[in-house]
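Reading through the structure tokens given below for one structure.
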There are 2 protein chains.
Amino acid sequence: MNAFENILHEKHVRSTAMRLLVMDTLAKQQTAISLHDLEAAFEHADRITLYRTLKTFEEKGIVHSIEDGTGATKYALCEPGCQCSPQDLHIHFYCNKCEKTYCLSKSKIPDLGLPKGYQLQEVNLVAKGVCNRCSD
Amino acid sequence: MNAFENILHEKHVRSTAMRLLVMDTLAKQQTAISLHDLEAAFEHADRITLYRTLKTFEEKGIVHSIEDGTGATKYALCEPGCQCSPQDLHIHFYCNKCEKTYCLSKSKIPDLGLPKGYQLQEVNLVAKGVCNRCSD
DNA sequence: GTTGCTATGCAATGGTATTGCATTTTTTTA
DNA sequence: TAAAAAAATGCAATACCATTGCATAGCAAC
């Protein structure tokens, strides 16, 4: 049983060939990718199956999604130990030059100081600008 | 010349009946609204004209847009003096119960502490949970 | 008043997200 | 092990939001 199978088992998601392939593909990315990107990484995979795989992964806390404002939701594998609670979440950075969305895993979301009465459940924070690779 | 006409003039946008109506409608909202919502506020307005009005307003810094993850971009009037730079920006809050998006104008975006080499230009921060009206 | 630019309105299109249903695969149970 | 149940997959179809092209109307400058 390899690492991916372990994760699926831990998260109570059945291990299938397709799901392992998707995890493997996501793990190889340097950036968060869209459904379209994921589809392009396979030769003969059905878009809908990939879509539902991502949705299942998201529900079960295997990937997190990012609304980066491009119109296409991006997905990336969660870090080990991530519960997807606001404290676990990190900043995402969308580069206006290379048009990629990066997980800044080490930059956690700062305390937001919400007004009284607001109950925080999730945070989607996307910083936009020029990434370190493009700013030379 | 009323307040809205002044703003349009300052921002170098021509004052038209349609644009003044849109500003008026936006000013009356307690929340950021979508193009669809805006359309519903008028009886006989063309969707595309409203779309382009919002786009023009956004370009000229009259409104700001929020990607709240619902799939439909939300718009709200900028505060007086807003330059839409990261320092001016505030947190948005999407309520999972009433499904509305609020501008928390007094809650500015905290310092993000981006890694070296990342140049910040814009920030889209949407906190999600239950708003103070729905949490009683 | 005429010319030219801008705004408006209608039509059409493209892209992403999502659901329904039939079929296959996997798991459970007898 | 075979049958039954549950879940995953694949194809088709759809809904919704965003966006562009083009023709017309309105305003502004000369």
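Ordered as shown in the structure tokens, chains take letters A, B, and onward, while each chain numbers its residues from 1 and ligands are numbered from 1 in the order shown.
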So which residues touch Gln30 (chain B) within 12 Å, counting only C-alpha atoms (C1' of nucleotides), skipping near sequence neighbours fewer than 2 positions away, as a list in words?
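Here the answer would be Thr25, Leu26, Ala27, Lys28, Ala32, Ile33, Tyr75, Ala76, Leu77, Lys100, Thr101, Tyr102, Cys103, Leu104 and Ser105 of chain B.
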Take the residues from that selection and write them out as a short mmCIF file (atom, residue, chain, number, x, y, z; two decimals), in the first residue's frame, keeping N, CA, C and O atoms.
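Result written to selection23.cif:
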```
data_model
loop_
_atom_site.label_atom_id
_atom_site.label_comp_id
_atom_site.auth_asym_id
_atom_site.auth_seq_id
_atom_site.Cartn_x
_atom_site.Cartn_y
_atom_site.Cartn_z
N THR B 25 -28.66 52.52 -7.64
CA THR B 25 -29.06 51.17 -7.22
C THR B 25 -27.99 50.54 -6.34
O THR B 25 -28.30 49.96 -5.29
N LEU B 26 -26.74 50.66 -6.77
CA LEU B 26 -25.65 50.08 -5.98
C LEU B 26 -25.58 50.72 -4.60
O LEU B 26 -25.34 50.04 -3.59
N ALA B 27 -25.81 52.03 -4.54
CA ALA B 27 -25.70 52.75 -3.27
C ALA B 27 -26.76 52.28 -2.28
O ALA B 27 -26.57 52.36 -1.06
N LYS B 28 -27.86 51.80 -2.79
CA LYS B 28 -28.96 51.39 -1.91
C LYS B 28 -28.77 49.99 -1.34
O LYS B 28 -29.53 49.56 -0.47
N ALA B 32 -22.84 43.40 -1.58
CA ALA B 32 -22.34 43.42 -2.96
C ALA B 32 -23.27 42.56 -3.81
O ALA B 32 -23.75 41.53 -3.36
N ILE B 33 -23.55 43.00 -5.01
CA ILE B 33 -24.55 42.28 -5.83
C ILE B 33 -23.96 41.83 -7.16
O ILE B 33 -22.97 42.40 -7.64
N TYR B 75 -20.38 43.01 -7.19
CA TYR B 75 -19.87 44.38 -7.30
C TYR B 75 -20.43 45.25 -6.19
O TYR B 75 -21.57 45.08 -5.77
N ALA B 76 -19.61 46.20 -5.76
CA ALA B 76 -20.07 47.17 -4.76
C ALA B 76 -19.36 48.49 -5.00
O ALA B 76 -18.22 48.52 -5.49
N LEU B 77 -20.01 49.57 -4.66
CA LEU B 77 -19.42 50.89 -4.80
C LEU B 77 -18.19 51.01 -3.91
O LEU B 77 -18.18 50.51 -2.78
N LYS B 100 -25.44 35.96 1.00
CA LYS B 100 -25.12 37.31 0.57
C LYS B 100 -23.65 37.61 0.86
O LYS B 100 -23.04 37.01 1.73
N THR B 101 -23.12 38.56 0.10
CA THR B 101 -21.73 38.93 0.25
C THR B 101 -21.64 40.35 0.80
O THR B 101 -22.15 41.28 0.18
N TYR B 102 -21.02 40.48 1.96
CA TYR B 102 -20.93 41.77 2.63
C TYR B 102 -19.55 42.39 2.48
O TYR B 102 -18.54 41.69 2.51
N CYS B 103 -19.52 43.70 2.33
CA CYS B 103 -18.27 44.45 2.40
C CYS B 103 -18.02 44.82 3.86
O CYS B 103 -18.82 45.55 4.45
N LEU B 104 -16.96 44.30 4.43
CA LEU B 104 -16.61 44.71 5.80
C LEU B 104 -15.61 45.85 5.69
O LEU B 104 -14.41 45.69 5.87
N SER B 105 -16.16 47.01 5.39
CA SER B 105 -15.31 48.15 5.01
C SER B 105 -14.32 48.53 6.08
O SER B 105 -13.25 49.07 5.80
#
```
Distance-based interface of chain A with chain C, 12 Å, counting only C-alpha atoms (C1' of nucleotides), as an MDAnalysis selection string:
chainID A and resid 14:17 34:36 47:48 51:52 55 70:74
Could you write out the selected residues, including N, CA and C atoms, as a PDB file, in the first residue's frame?
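Below is the file out_22.pdb, written as the result:
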```
ATOM      1  N   ARG A  14     -12.590   5.436  -1.419  1.00  0.00           N
ATOM      2  CA  ARG A  14     -12.155   4.185  -2.042  1.00  0.00           C
ATOM      3  C   ARG A  14     -11.003   4.414  -3.006  1.00  0.00           C
ATOM      4  N   SER A  15     -10.098   3.485  -2.954  1.00  0.00           N
ATOM      5  CA  SER A  15      -8.930   3.574  -3.832  1.00  0.00           C
ATOM      6  C   SER A  15      -9.261   2.955  -5.197  1.00  0.00           C
ATOM      7  N   THR A  16      -9.195   3.782  -6.211  1.00  0.00           N
ATOM      8  CA  THR A  16      -9.383   3.271  -7.577  1.00  0.00           C
ATOM      9  C   THR A  16      -8.209   3.735  -8.428  1.00  0.00           C
ATOM     10  N   ALA A  17      -8.054   3.077  -9.565  1.00  0.00           N
ATOM     11  CA  ALA A  17      -6.936   3.416 -10.454  1.00  0.00           C
ATOM     12  C   ALA A  17      -6.981   4.889 -10.844  1.00  0.00           C
ATOM     13  N   SER A  34      -6.419  23.667 -12.838  1.00  0.00           N
ATOM     14  CA  SER A  34      -7.860  23.629 -13.107  1.00  0.00           C
ATOM     15  C   SER A  34      -8.267  22.252 -13.616  1.00  0.00           C
ATOM     16  N   LEU A  35      -9.573  22.047 -13.678  1.00  0.00           N
ATOM     17  CA  LEU A  35     -10.080  20.814 -14.266  1.00  0.00           C
ATOM     18  C   LEU A  35      -9.557  20.655 -15.689  1.00  0.00           C
ATOM     19  N   HIS A  36      -9.556  21.749 -16.409  1.00  0.00           N
ATOM     20  CA  HIS A  36      -9.071  21.722 -17.784  1.00  0.00           C
ATOM     21  C   HIS A  36      -7.602  21.275 -17.846  1.00  0.00           C
ATOM     22  N   ARG A  47     -13.763  13.940 -18.804  1.00  0.00           N
ATOM     23  CA  ARG A  47     -13.792  15.188 -18.048  1.00  0.00           C
ATOM     24  C   ARG A  47     -14.682  15.090 -16.802  1.00  0.00           C
ATOM     25  N   ILE A  48     -15.817  14.447 -16.958  1.00  0.00           N
ATOM     26  CA  ILE A  48     -16.774  14.381 -15.855  1.00  0.00           C
ATOM     27  C   ILE A  48     -16.247  13.532 -14.710  1.00  0.00           C
ATOM     28  N   TYR A  51     -13.855  15.601 -12.944  1.00  0.00           N
ATOM     29  CA  TYR A  51     -14.603  16.599 -12.176  1.00  0.00           C
ATOM     30  C   TYR A  51     -15.103  16.003 -10.868  1.00  0.00           C
ATOM     31  N   ARG A  52     -15.722  14.835 -10.965  1.00  0.00           N
ATOM     32  CA  ARG A  52     -16.279  14.228  -9.760  1.00  0.00           C
ATOM     33  C   ARG A  52     -15.191  13.741  -8.819  1.00  0.00           C
ATOM     34  N   LYS A  55     -14.190  16.784  -6.911  1.00  0.00           N
ATOM     35  CA  LYS A  55     -15.240  17.127  -5.941  1.00  0.00           C
ATOM     36  C   LYS A  55     -15.200  16.206  -4.721  1.00  0.00           C
ATOM     37  N   THR A  70     -10.064  33.667 -12.161  1.00  0.00           N
ATOM     38  CA  THR A  70      -9.894  33.443 -13.595  1.00  0.00           C
ATOM     39  C   THR A  70     -11.159  32.829 -14.200  1.00  0.00           C
ATOM     40  N   GLY A  71     -12.079  32.435 -13.354  1.00  0.00           N
ATOM     41  CA  GLY A  71     -13.280  31.774 -13.855  1.00  0.00           C
ATOM     42  C   GLY A  71     -13.206  30.264 -13.697  1.00  0.00           C
ATOM     43  N   ALA A  72     -11.998  29.747 -13.637  1.00  0.00           N
ATOM     44  CA  ALA A  72     -11.839  28.298 -13.469  1.00  0.00           C
ATOM     45  C   ALA A  72     -11.273  28.012 -12.077  1.00  0.00           C
ATOM     46  N   THR A  73     -11.965  27.212 -11.326  1.00  0.00           N
ATOM     47  CA  THR A  73     -11.508  26.831  -9.993  1.00  0.00           C
ATOM     48  C   THR A  73     -10.214  26.034 -10.101  1.00  0.00           C
ATOM     49  N   LYS A  74      -9.273  26.308  -9.215  1.00  0.00           N
ATOM     50  CA  LYS A  74      -8.018  25.572  -9.196  1.00  0.00           C
ATOM     51  C   LYS A  74      -8.004  24.630  -7.999  1.00  0.00           C
TER      52      LYS A  74
END
```
What residues in chain D lie within 12 Å of chain B, counting only C-alpha atoms (C1' of nucleotides), written as a PDB file with all heavy atoms, in the first residue's frame?
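Saved to selection10.pdb:
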```pdb
ATOM      1  P    DC D  16     -30.259  28.194 -15.047  1.00  0.00           P
ATOM      2  OP1  DC D  16     -31.021  28.191 -13.785  1.00  0.00           O
ATOM      3  OP2  DC D  16     -30.863  28.677 -16.311  1.00  0.00           O
ATOM      4  O5'  DC D  16     -28.911  29.001 -14.799  1.00  0.00           O
ATOM      5  C5'  DC D  16     -27.896  28.412 -13.992  1.00  0.00           C
ATOM      6  C4'  DC D  16     -26.592  29.101 -14.294  1.00  0.00           C
ATOM      7  O4'  DC D  16     -26.022  28.565 -15.505  1.00  0.00           O
ATOM      8  C3'  DC D  16     -26.729  30.612 -14.506  1.00  0.00           C
ATOM      9  O3'  DC D  16     -25.846  31.260 -13.617  1.00  0.00           O
ATOM     10  C2'  DC D  16     -26.327  30.814 -15.962  1.00  0.00           C
ATOM     11  C1'  DC D  16     -25.398  29.637 -16.190  1.00  0.00           C
ATOM     12  N1   DC D  16     -25.230  29.222 -17.605  1.00  0.00           N
ATOM     13  C2   DC D  16     -23.938  29.013 -18.101  1.00  0.00           C
ATOM     14  O2   DC D  16     -22.979  29.164 -17.333  1.00  0.00           O
ATOM     15  N3   DC D  16     -23.777  28.646 -19.393  1.00  0.00           N
ATOM     16  C4   DC D  16     -24.838  28.484 -20.176  1.00  0.00           C
ATOM     17  N4   DC D  16     -24.626  28.123 -21.432  1.00  0.00           N
ATOM     18  C5   DC D  16     -26.166  28.701 -19.701  1.00  0.00           C
ATOM     19  C6   DC D  16     -26.320  29.064 -18.419  1.00  0.00           C
ATOM     20  P    DC D  17     -26.101  32.838 -13.273  1.00  0.00           P
ATOM     21  OP1  DC D  17     -26.316  32.929 -11.817  1.00  0.00           O
ATOM     22  OP2  DC D  17     -27.075  33.385 -14.234  1.00  0.00           O
ATOM     23  O5'  DC D  17     -24.677  33.449 -13.603  1.00  0.00           O
ATOM     24  C5'  DC D  17     -23.512  32.752 -13.197  1.00  0.00           C
ATOM     25  C4'  DC D  17     -22.368  33.116 -14.117  1.00  0.00           C
ATOM     26  O4'  DC D  17     -22.564  32.475 -15.392  1.00  0.00           O
ATOM     27  C3'  DC D  17     -22.232  34.612 -14.401  1.00  0.00           C
ATOM     28  O3'  DC D  17     -20.955  35.050 -13.933  1.00  0.00           O
ATOM     29  C2'  DC D  17     -22.385  34.739 -15.911  1.00  0.00           C
ATOM     30  C1'  DC D  17     -22.069  33.329 -16.397  1.00  0.00           C
ATOM     31  N1   DC D  17     -22.739  32.945 -17.678  1.00  0.00           N
ATOM     32  C2   DC D  17     -21.952  32.493 -18.741  1.00  0.00           C
ATOM     33  O2   DC D  17     -20.724  32.436 -18.605  1.00  0.00           O
ATOM     34  N3   DC D  17     -22.562  32.139 -19.905  1.00  0.00           N
ATOM     35  C4   DC D  17     -23.885  32.211 -20.008  1.00  0.00           C
ATOM     36  N4   DC D  17     -24.441  31.852 -21.171  1.00  0.00           N
ATOM     37  C5   DC D  17     -24.705  32.670 -18.932  1.00  0.00           C
ATOM     38  C6   DC D  17     -24.093  33.021 -17.786  1.00  0.00           C
ATOM     39  P    DA D  18     -20.496  36.564 -14.183  1.00  0.00           P
ATOM     40  OP1  DA D  18     -19.532  36.877 -13.119  1.00  0.00           O
ATOM     41  OP2  DA D  18     -21.678  37.412 -14.390  1.00  0.00           O
ATOM     42  O5'  DA D  18     -19.690  36.456 -15.556  1.00  0.00           O
ATOM     43  C5'  DA D  18     -18.702  35.448 -15.685  1.00  0.00           C
ATOM     44  C4'  DA D  18     -18.005  35.587 -17.032  1.00  0.00           C
ATOM     45  O4'  DA D  18     -18.863  35.099 -18.082  1.00  0.00           O
ATOM     46  C3'  DA D  18     -17.600  37.010 -17.411  1.00  0.00           C
ATOM     47  O3'  DA D  18     -16.266  36.977 -17.896  1.00  0.00           O
ATOM     48  C2'  DA D  18     -18.616  37.387 -18.495  1.00  0.00           C
ATOM     49  C1'  DA D  18     -18.929  36.039 -19.125  1.00  0.00           C
ATOM     50  N9   DA D  18     -20.265  35.908 -19.707  1.00  0.00           N
ATOM     51  C8   DA D  18     -21.450  36.234 -19.123  1.00  0.00           C
ATOM     52  N7   DA D  18     -22.497  35.987 -19.879  1.00  0.00           N
ATOM     53  C5   DA D  18     -21.946  35.469 -21.044  1.00  0.00           C
ATOM     54  C6   DA D  18     -22.525  35.006 -22.248  1.00  0.00           C
ATOM     55  N6   DA D  18     -23.843  34.990 -22.471  1.00  0.00           N
ATOM     56  N1   DA D  18     -21.690  34.558 -23.213  1.00  0.00           N
ATOM     57  C2   DA D  18     -20.371  34.564 -22.977  1.00  0.00           C
ATOM     58  N3   DA D  18     -19.721  34.969 -21.885  1.00  0.00           N
ATOM     59  C4   DA D  18     -20.572  35.415 -20.951  1.00  0.00           C
ATOM     60  P    DT D  19     -15.498  38.325 -18.318  1.00  0.00           P
ATOM     61  OP1  DT D  19     -14.036  38.089 -18.192  1.00  0.00           O
ATOM     62  OP2  DT D  19     -16.130  39.466 -17.636  1.00  0.00           O
ATOM     63  O5'  DT D  19     -15.810  38.422 -19.874  1.00  0.00           O
ATOM     64  C5'  DT D  19     -15.500  37.292 -20.689  1.00  0.00           C
ATOM     65  C4'  DT D  19     -15.933  37.547 -22.108  1.00  0.00           C
ATOM     66  O4'  DT D  19     -17.352  37.351 -22.250  1.00  0.00           O
ATOM     67  C3'  DT D  19     -15.652  38.966 -22.638  1.00  0.00           C
ATOM     68  O3'  DT D  19     -14.687  38.848 -23.666  1.00  0.00           O
ATOM     69  C2'  DT D  19     -17.007  39.446 -23.155  1.00  0.00           C
ATOM     70  C1'  DT D  19     -17.776  38.149 -23.327  1.00  0.00           C
ATOM     71  N1   DT D  19     -19.238  38.255 -23.254  1.00  0.00           N
ATOM     72  C2   DT D  19     -19.969  37.812 -24.333  1.00  0.00           C
ATOM     73  O2   DT D  19     -19.457  37.344 -25.329  1.00  0.00           O
ATOM     74  N3   DT D  19     -21.338  37.931 -24.189  1.00  0.00           N
ATOM     75  C4   DT D  19     -22.021  38.445 -23.097  1.00  0.00           C
ATOM     76  O4   DT D  19     -23.241  38.502 -23.090  1.00  0.00           O
ATOM     77  C5   DT D  19     -21.192  38.899 -22.011  1.00  0.00           C
ATOM     78  C7   DT D  19     -21.825  39.480 -20.784  1.00  0.00           C
ATOM     79  C6   DT D  19     -19.854  38.777 -22.137  1.00  0.00           C
ATOM     80  P    DT D  20     -14.018  40.153 -24.326  1.00  0.00           P
ATOM     81  OP1  DT D  20     -12.573  39.914 -24.418  1.00  0.00           O
ATOM     82  OP2  DT D  20     -14.540  41.350 -23.649  1.00  0.00           O
ATOM     83  O5'  DT D  20     -14.632  40.115 -25.806  1.00  0.00           O
ATOM     84  C5'  DT D  20     -14.622  38.882 -26.516  1.00  0.00           C
ATOM     85  C4'  DT D  20     -15.512  38.988 -27.740  1.00  0.00           C
ATOM     86  O4'  DT D  20     -16.896  38.961 -27.341  1.00  0.00           O
ATOM     87  C3'  DT D  20     -15.317  40.270 -28.561  1.00  0.00           C
ATOM     88  O3'  DT D  20     -15.075  39.908 -29.909  1.00  0.00           O
ATOM     89  C2'  DT D  20     -16.642  41.013 -28.402  1.00  0.00           C
ATOM     90  C1'  DT D  20     -17.618  39.870 -28.132  1.00  0.00           C
ATOM     91  N1   DT D  20     -18.826  40.253 -27.374  1.00  0.00           N
ATOM     92  C2   DT D  20     -20.048  39.883 -27.856  1.00  0.00           C
ATOM     93  O2   DT D  20     -20.202  39.258 -28.892  1.00  0.00           O
ATOM     94  N3   DT D  20     -21.120  40.269 -27.076  1.00  0.00           N
ATOM     95  C4   DT D  20     -21.066  40.970 -25.887  1.00  0.00           C
ATOM     96  O4   DT D  20     -22.091  41.256 -25.282  1.00  0.00           O
ATOM     97  C5   DT D  20     -19.750  41.328 -25.442  1.00  0.00           C
ATOM     98  C7   DT D  20     -19.581  42.100 -24.168  1.00  0.00           C
ATOM     99  C6   DT D  20     -18.698  40.953 -26.192  1.00  0.00           C
ATOM    100  P    DG D  26     -32.045  58.091 -29.181  1.00  0.00           P
ATOM    101  OP1  DG D  26     -33.133  57.920 -28.202  1.00  0.00           O
ATOM    102  OP2  DG D  26     -32.273  58.814 -30.461  1.00  0.00           O
ATOM    103  O5'  DG D  26     -30.802  58.759 -28.439  1.00  0.00           O
ATOM    104  C5'  DG D  26     -30.216  58.115 -27.323  1.00  0.00           C
ATOM    105  C4'  DG D  26     -28.913  58.814 -26.974  1.00  0.00           C
ATOM    106  O4'  DG D  26     -27.930  58.548 -27.998  1.00  0.00           O
ATOM    107  C3'  DG D  26     -29.041  60.342 -26.878  1.00  0.00           C
ATOM    108  O3'  DG D  26     -28.441  60.769 -25.666  1.00  0.00           O
ATOM    109  C2'  DG D  26     -28.264  60.851 -28.093  1.00  0.00           C
ATOM    110  C1'  DG D  26     -27.247  59.743 -28.298  1.00  0.00           C
ATOM    111  N9   DG D  26     -26.736  59.601 -29.651  1.00  0.00           N
ATOM    112  C8   DG D  26     -27.471  59.471 -30.804  1.00  0.00           C
ATOM    113  N7   DG D  26     -26.723  59.348 -31.877  1.00  0.00           N
ATOM    114  C5   DG D  26     -25.424  59.407 -31.404  1.00  0.00           C
ATOM    115  C6   DG D  26     -24.180  59.335 -32.107  1.00  0.00           C
ATOM    116  O6   DG D  26     -23.988  59.198 -33.315  1.00  0.00           O
ATOM    117  N1   DG D  26     -23.103  59.448 -31.227  1.00  0.00           N
ATOM    118  C2   DG D  26     -23.204  59.594 -29.859  1.00  0.00           C
ATOM    119  N2   DG D  26     -22.059  59.669 -29.191  1.00  0.00           N
ATOM    120  N3   DG D  26     -24.350  59.664 -29.199  1.00  0.00           N
ATOM    121  C4   DG D  26     -25.415  59.561 -30.039  1.00  0.00           C
ATOM    122  P    DC D  27     -28.758  62.228 -25.083  1.00  0.00           P
ATOM    123  OP1  DC D  27     -29.268  62.061 -23.714  1.00  0.00           O
ATOM    124  OP2  DC D  27     -29.530  62.987 -26.097  1.00  0.00           O
ATOM    125  O5'  DC D  27     -27.303  62.862 -24.987  1.00  0.00           O
ATOM    126  C5'  DC D  27     -26.246  62.118 -24.404  1.00  0.00           C
ATOM    127  C4'  DC D  27     -24.923  62.580 -24.977  1.00  0.00           C
ATOM    128  O4'  DC D  27     -24.847  62.230 -26.369  1.00  0.00           O
ATOM    129  C3'  DC D  27     -24.710  64.097 -24.913  1.00  0.00           C
ATOM    130  O3'  DC D  27     -23.559  64.349 -24.112  1.00  0.00           O
ATOM    131  C2'  DC D  27     -24.532  64.520 -26.374  1.00  0.00           C
ATOM    132  C1'  DC D  27     -24.100  63.220 -27.038  1.00  0.00           C
ATOM    133  N1   DC D  27     -24.425  63.106 -28.480  1.00  0.00           N
ATOM    134  C2   DC D  27     -23.374  62.932 -29.406  1.00  0.00           C
ATOM    135  O2   DC D  27     -22.213  62.894 -28.998  1.00  0.00           O
ATOM    136  N3   DC D  27     -23.673  62.821 -30.730  1.00  0.00           N
ATOM    137  C4   DC D  27     -24.941  62.861 -31.130  1.00  0.00           C
ATOM    138  N4   DC D  27     -25.184  62.731 -32.445  1.00  0.00           N
ATOM    139  C5   DC D  27     -26.027  63.032 -30.209  1.00  0.00           C
ATOM    140  C6   DC D  27     -25.723  63.146 -28.903  1.00  0.00           C
ATOM    141  P    DA D  28     -23.061  65.835 -23.845  1.00  0.00           P
ATOM    142  OP1  DA D  28     -22.414  65.852 -22.523  1.00  0.00           O
ATOM    143  OP2  DA D  28     -24.124  66.814 -24.186  1.00  0.00           O
ATOM    144  O5'  DA D  28     -21.910  65.949 -24.954  1.00  0.00           O
ATOM    145  C5'  DA D  28     -20.870  64.981 -24.980  1.00  0.00           C
ATOM    146  C4'  DA D  28     -19.751  65.480 -25.874  1.00  0.00           C
ATOM    147  O4'  DA D  28     -20.096  65.226 -27.262  1.00  0.00           O
ATOM    148  C3'  DA D  28     -19.496  66.985 -25.754  1.00  0.00           C
ATOM    149  O3'  DA D  28     -18.096  67.224 -25.792  1.00  0.00           O
ATOM    150  C2'  DA D  28     -20.222  67.570 -26.956  1.00  0.00           C
ATOM    151  C1'  DA D  28     -20.097  66.441 -27.996  1.00  0.00           C
ATOM    152  N9   DA D  28     -21.205  66.371 -28.919  1.00  0.00           N
ATOM    153  C8   DA D  28     -22.540  66.552 -28.658  1.00  0.00           C
ATOM    154  N7   DA D  28     -23.320  66.417 -29.713  1.00  0.00           N
ATOM    155  C5   DA D  28     -22.431  66.127 -30.733  1.00  0.00           C
ATOM    156  C6   DA D  28     -22.625  65.871 -32.114  1.00  0.00           C
ATOM    157  N6   DA D  28     -23.818  65.860 -32.699  1.00  0.00           N
ATOM    158  N1   DA D  28     -21.522  65.620 -32.854  1.00  0.00           N
ATOM    159  C2   DA D  28     -20.322  65.618 -32.257  1.00  0.00           C
ATOM    160  N3   DA D  28     -20.026  65.836 -30.979  1.00  0.00           N
ATOM    161  C4   DA D  28     -21.132  66.094 -30.267  1.00  0.00           C
TER     162       DA D  28
END
```
Using only C-alpha atoms, determine which residues of chain B fall within 8 Å of chain A; present them as a PDB file with C-alpha atoms, in the first residue's frame.
```pdb
ATOM      1  CA  GLU B  67     -14.999  36.753  -6.563  1.00  0.00           C
ATOM      2  CA  ASP B  68     -16.883  35.101  -3.768  1.00  0.00           C
ATOM      3  CA  GLY B  69     -16.783  31.599  -5.139  1.00  0.00           C
ATOM      4  CA  GLY B  71     -19.548  31.671  -9.764  1.00  0.00           C
ATOM      5  CA  SER B 107     -11.860  45.368   8.319  1.00  0.00           C
ATOM      6  CA  ILE B 109      -6.728  43.355   4.690  1.00  0.00           C
ATOM      7  CA  PRO B 110      -3.977  42.485   7.174  1.00  0.00           C
ATOM      8  CA  ASP B 111      -0.354  42.383   6.137  1.00  0.00           C
ATOM      9  CA  LEU B 112       0.180  39.134   4.253  1.00  0.00           C
ATOM     10  CA  GLY B 113       3.908  38.642   4.716  1.00  0.00           C
ATOM     11  CA  LEU B 114       4.522  37.316   1.228  1.00  0.00           C
ATOM     12  CA  PRO B 115       7.784  35.506   0.522  1.00  0.00           C
ATOM     13  CA  LYS B 116      10.605  37.503  -1.026  1.00  0.00           C
ATOM     14  CA  GLY B 117      10.236  38.244  -4.704  1.00  0.00           C
ATOM     15  CA  TYR B 118       6.457  38.327  -4.825  1.00  0.00           C
ATOM     16  CA  GLN B 119       5.098  41.692  -5.935  1.00  0.00           C
ATOM     17  CA  LEU B 120       1.632  42.374  -4.617  1.00  0.00           C
ATOM     18  CA  GLN B 121      -0.838  44.204  -6.841  1.00  0.00           C
ATOM     19  CA  GLU B 122      -4.313  43.125  -5.792  1.00  0.00           C
ATOM     20  CA  VAL B 123      -5.924  41.049  -3.085  1.00  0.00           C
ATOM     21  CA  ASN B 124      -9.186  39.138  -3.119  1.00  0.00           C
ATOM     22  CA  LEU B 125     -10.068  38.014   0.374  1.00  0.00           C
ATOM     23  CA  VAL B 126     -13.380  36.322   1.024  1.00  0.00           C
ATOM     24  CA  ALA B 127     -14.145  34.975   4.465  1.00  0.00           C
ATOM     25  CA  LYS B 128     -17.049  32.554   4.594  1.00  0.00           C
ATOM     26  CA  GLY B 129     -19.259  31.473   7.412  1.00  0.00           C
ATOM     27  CA  VAL B 130     -22.357  32.879   9.105  1.00  0.00           C
ATOM     28  CA  CYS B 131     -22.977  36.607   9.232  1.00  0.00           C
ATOM     29  CA  ASN B 132     -24.073  38.494  12.323  1.00  0.00           C
ATOM     30  CA  ARG B 133     -27.668  38.726  11.087  1.00  0.00           C
ATOM     31  CA  SER B 135     -26.049  33.843  13.723  1.00  0.00           C
TER      32      SER B 135
END
```
Quick check for you: according to DSSP on this backbone, which residues of chain B are classed as alpha helix (DSSP H)? Reply as a ChimeraX atom specification.
/B:3-10,17-28,35-40,47-59
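The gap separating CA of Glu99 (chain B) from CA of Ile62 (chain A) is 25.7 Å, in Å to one decimal.
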So how far away is CA of Lys11 (chain B) from CA of Ala45 (chain B), in Å?
23.7 Å
Can you pull out every residue from region 13-113 of chain B that DSSP, working from the backbone, puts in strand (DSSP E), and format the result as a PyMOL selection string?
chain B and resi 33-34+63-66+74-77+90-95+101-108
